[in-house]
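K.L.:
Starting off with a structure, shown below.
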Amino acid sequence: MKFINPPGLYDPRPNGYSHVVIAEAPARIIYIAGQGGEDAEGVLSESFEEQVRQALANLQTALAAADARLSDVAKVTALIVDHNEERLGIFSSALRAAWGDLPAPACTLIPVPRLALDGMLFEIEATATSASTVISVEQAQ
């Protein structure tokens, strides 16, 4: 993948994302459903920060199930209930910490009034790519 932050656009890296990501084909495309802040037992913390931390851990678990890593993520979409600058700071810091020195994916943040579960404050979905392995219909059956 190629990550681009073109001249003429502000530097998004402090917020933990890139403006443009190019994924060359052929590749496997992996779609990760929205991951919330609930743990494996379905327990949801009341803390926004903890929900973000757990959701990013859940994202990594889902990626691993597809033999993928954060470095394979091209784009994330984050949904934040009652979005404000404080929550943006928490989210941006968590993204930077999770991706570390890796190029950050493209990101869209959508403020929302509510998510699927009572008390759910954060959700993140991802699209990832990895080297394609062609499987014929006969092999897949």
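Chain labels follow the order of the structure tokens: the first chain is A, the next B, and so on; residue numbering restarts at 1 in every chain, and ligands are counted from 1 in their shown order.
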Listing only residues of stretch 61-125 of chain A within 10 Å of stretch 12-27 of chain A, what is the closest atom pair and its distance in Å (to one decimal) for each, using only C-alpha atoms, sorted by chain and residue number ascending, as a tab-separated table?
P.N.:
```
residue	atom	partner	partner_atom	distance
A:Asp72	CA	A:Ala23	CA	9.6
A:Val73	CA	A:Val21	CA	9.5
A:Ala74	CA	A:Val21	CA	6.0
A:Lys75	CA	A:Val21	CA	7.7
A:Val76	CA	A:Tyr17	CA	9.0
A:Leu88	CA	A:Asn15	CA	8.3
A:Gly89	CA	A:Asn15	CA	7.8
A:Ile90	CA	A:Asn15	CA	9.9
A:Phe91	CA	A:Asn15	CA	8.3
A:Ser92	CA	A:Asn15	CA	4.8
A:Ser93	CA	A:Gly16	CA	7.2
A:Ala94	CA	A:Gly16	CA	8.2
A:Leu95	CA	A:Gly16	CA	5.3
A:Arg96	CA	A:Gly16	CA	4.9
A:Ala97	CA	A:Gly16	CA	8.6
A:Ala98	CA	A:Gly16	CA	9.3
A:Trp99	CA	A:Gly16	CA	8.0
A:Gly100	CA	A:Gly16	CA	9.2
A:Pro103	CA	A:Ser18	CA	7.6
A:Ala104	CA	A:Tyr17	CA	4.6
A:Pro105	CA	A:Tyr17	CA	5.2
A:Ala106	CA	A:Ser18	CA	4.7
A:Cys107	CA	A:Tyr17	CA	5.8
A:Thr108	CA	A:Tyr17	CA	9.1
```
K.L.:
Just N, CA and C atoms for this one: save the residues we selected as a PDB file, in the first residue's frame.
P.N.:
```pdb
ATOM      1  N   ASP A  72      -1.969  -3.878   7.558  1.00  0.00           N
ATOM      2  CA  ASP A  72      -2.748  -4.206   6.362  1.00  0.00           C
ATOM      3  C   ASP A  72      -3.986  -3.320   6.209  1.00  0.00           C
ATOM      4  N   VAL A  73      -4.282  -2.510   7.215  1.00  0.00           N
ATOM      5  CA  VAL A  73      -5.502  -1.692   7.197  1.00  0.00           C
ATOM      6  C   VAL A  73      -5.308  -0.478   6.298  1.00  0.00           C
ATOM      7  N   ALA A  74      -6.205  -0.340   5.330  1.00  0.00           N
ATOM      8  CA  ALA A  74      -6.175   0.807   4.414  1.00  0.00           C
ATOM      9  C   ALA A  74      -7.055   1.945   4.925  1.00  0.00           C
ATOM     10  N   LYS A  75      -8.197   1.607   5.569  1.00  0.00           N
ATOM     11  CA  LYS A  75      -9.135   2.646   6.000  1.00  0.00           C
ATOM     12  C   LYS A  75      -9.903   2.182   7.221  1.00  0.00           C
ATOM     13  N   VAL A  76     -10.138   3.121   8.115  1.00  0.00           N
ATOM     14  CA  VAL A  76     -11.026   2.896   9.247  1.00  0.00           C
ATOM     15  C   VAL A  76     -12.125   3.945   9.229  1.00  0.00           C
ATOM     16  N   LEU A  88     -12.079  13.397  20.640  1.00  0.00           N
ATOM     17  CA  LEU A  88     -11.197  13.344  19.474  1.00  0.00           C
ATOM     18  C   LEU A  88      -9.754  13.125  19.915  1.00  0.00           C
ATOM     19  N   GLY A  89      -9.326  13.842  20.957  1.00  0.00           N
ATOM     20  CA  GLY A  89      -7.966  13.678  21.472  1.00  0.00           C
ATOM     21  C   GLY A  89      -7.704  12.264  21.968  1.00  0.00           C
ATOM     22  N   ILE A  90      -8.665  11.694  22.676  1.00  0.00           N
ATOM     23  CA  ILE A  90      -8.524  10.325  23.184  1.00  0.00           C
ATOM     24  C   ILE A  90      -8.424   9.351  22.022  1.00  0.00           C
ATOM     25  N   PHE A  91      -9.310   9.503  21.038  1.00  0.00           N
ATOM     26  CA  PHE A  91      -9.310   8.631  19.870  1.00  0.00           C
ATOM     27  C   PHE A  91      -8.014   8.764  19.071  1.00  0.00           C
ATOM     28  N   SER A  92      -7.594  10.004  18.799  1.00  0.00           N
ATOM     29  CA  SER A  92      -6.365  10.236  18.030  1.00  0.00           C
ATOM     30  C   SER A  92      -5.153   9.634  18.729  1.00  0.00           C
ATOM     31  N   SER A  93      -5.053   9.823  20.039  1.00  0.00           N
ATOM     32  CA  SER A  93      -3.932   9.250  20.804  1.00  0.00           C
ATOM     33  C   SER A  93      -3.937   7.734  20.735  1.00  0.00           C
ATOM     34  N   ALA A  94      -5.122   7.139  20.831  1.00  0.00           N
ATOM     35  CA  ALA A  94      -5.222   5.680  20.779  1.00  0.00           C
ATOM     36  C   ALA A  94      -4.821   5.149  19.399  1.00  0.00           C
ATOM     37  N   LEU A  95      -5.227   5.852  18.328  1.00  0.00           N
ATOM     38  CA  LEU A  95      -4.824   5.432  16.984  1.00  0.00           C
ATOM     39  C   LEU A  95      -3.314   5.509  16.822  1.00  0.00           C
ATOM     40  N   ARG A  96      -2.725   6.630  17.254  1.00  0.00           N
ATOM     41  CA  ARG A  96      -1.263   6.776  17.140  1.00  0.00           C
ATOM     42  C   ARG A  96      -0.547   5.688  17.930  1.00  0.00           C
ATOM     43  N   ALA A  97      -1.041   5.378  19.116  1.00  0.00           N
ATOM     44  CA  ALA A  97      -0.411   4.341  19.942  1.00  0.00           C
ATOM     45  C   ALA A  97      -0.547   2.964  19.288  1.00  0.00           C
ATOM     46  N   ALA A  98      -1.718   2.668  18.746  1.00  0.00           N
ATOM     47  CA  ALA A  98      -1.935   1.355  18.138  1.00  0.00           C
ATOM     48  C   ALA A  98      -1.072   1.168  16.894  1.00  0.00           C
ATOM     49  N   TRP A  99      -1.024   2.181  16.034  1.00  0.00           N
ATOM     50  CA  TRP A  99      -0.273   2.062  14.785  1.00  0.00           C
ATOM     51  C   TRP A  99       1.213   2.337  14.978  1.00  0.00           C
ATOM     52  N   GLY A 100       1.595   3.048  16.021  1.00  0.00           N
ATOM     53  CA  GLY A 100       3.005   3.307  16.286  1.00  0.00           C
ATOM     54  C   GLY A 100       3.699   3.936  15.099  1.00  0.00           C
ATOM     55  N   PRO A 103       2.577   3.359   8.883  1.00  0.00           N
ATOM     56  CA  PRO A 103       1.780   4.401   8.238  1.00  0.00           C
ATOM     57  C   PRO A 103       0.326   4.283   8.707  1.00  0.00           C
ATOM     58  N   ALA A 104      -0.284   5.404   9.025  1.00  0.00           N
ATOM     59  CA  ALA A 104      -1.661   5.399   9.522  1.00  0.00           C
ATOM     60  C   ALA A 104      -2.643   5.253   8.359  1.00  0.00           C
ATOM     61  N   PRO A 105      -3.745   4.545   8.575  1.00  0.00           N
ATOM     62  CA  PRO A 105      -4.730   4.361   7.507  1.00  0.00           C
ATOM     63  C   PRO A 105      -5.513   5.646   7.245  1.00  0.00           C
ATOM     64  N   ALA A 106      -6.235   5.664   6.134  1.00  0.00           N
ATOM     65  CA  ALA A 106      -7.211   6.724   5.915  1.00  0.00           C
ATOM     66  C   ALA A 106      -8.296   6.547   6.979  1.00  0.00           C
ATOM     67  N   CYS A 107      -8.925   7.648   7.382  1.00  0.00           N
ATOM     68  CA  CYS A 107      -9.898   7.570   8.475  1.00  0.00           C
ATOM     69  C   CYS A 107     -11.029   8.562   8.253  1.00  0.00           C
ATOM     70  N   THR A 108     -12.240   8.099   8.515  1.00  0.00           N
ATOM     71  CA  THR A 108     -13.404   8.978   8.570  1.00  0.00           C
ATOM     72  C   THR A 108     -14.008   8.839   9.955  1.00  0.00           C
TER      73      THR A 108
END
```
K.L.:
Can you tell me how far atom CA of A:Ala68 sits from atom CA of A:Arg87, in Å to one decimal?
P.N.:
27.7 Å
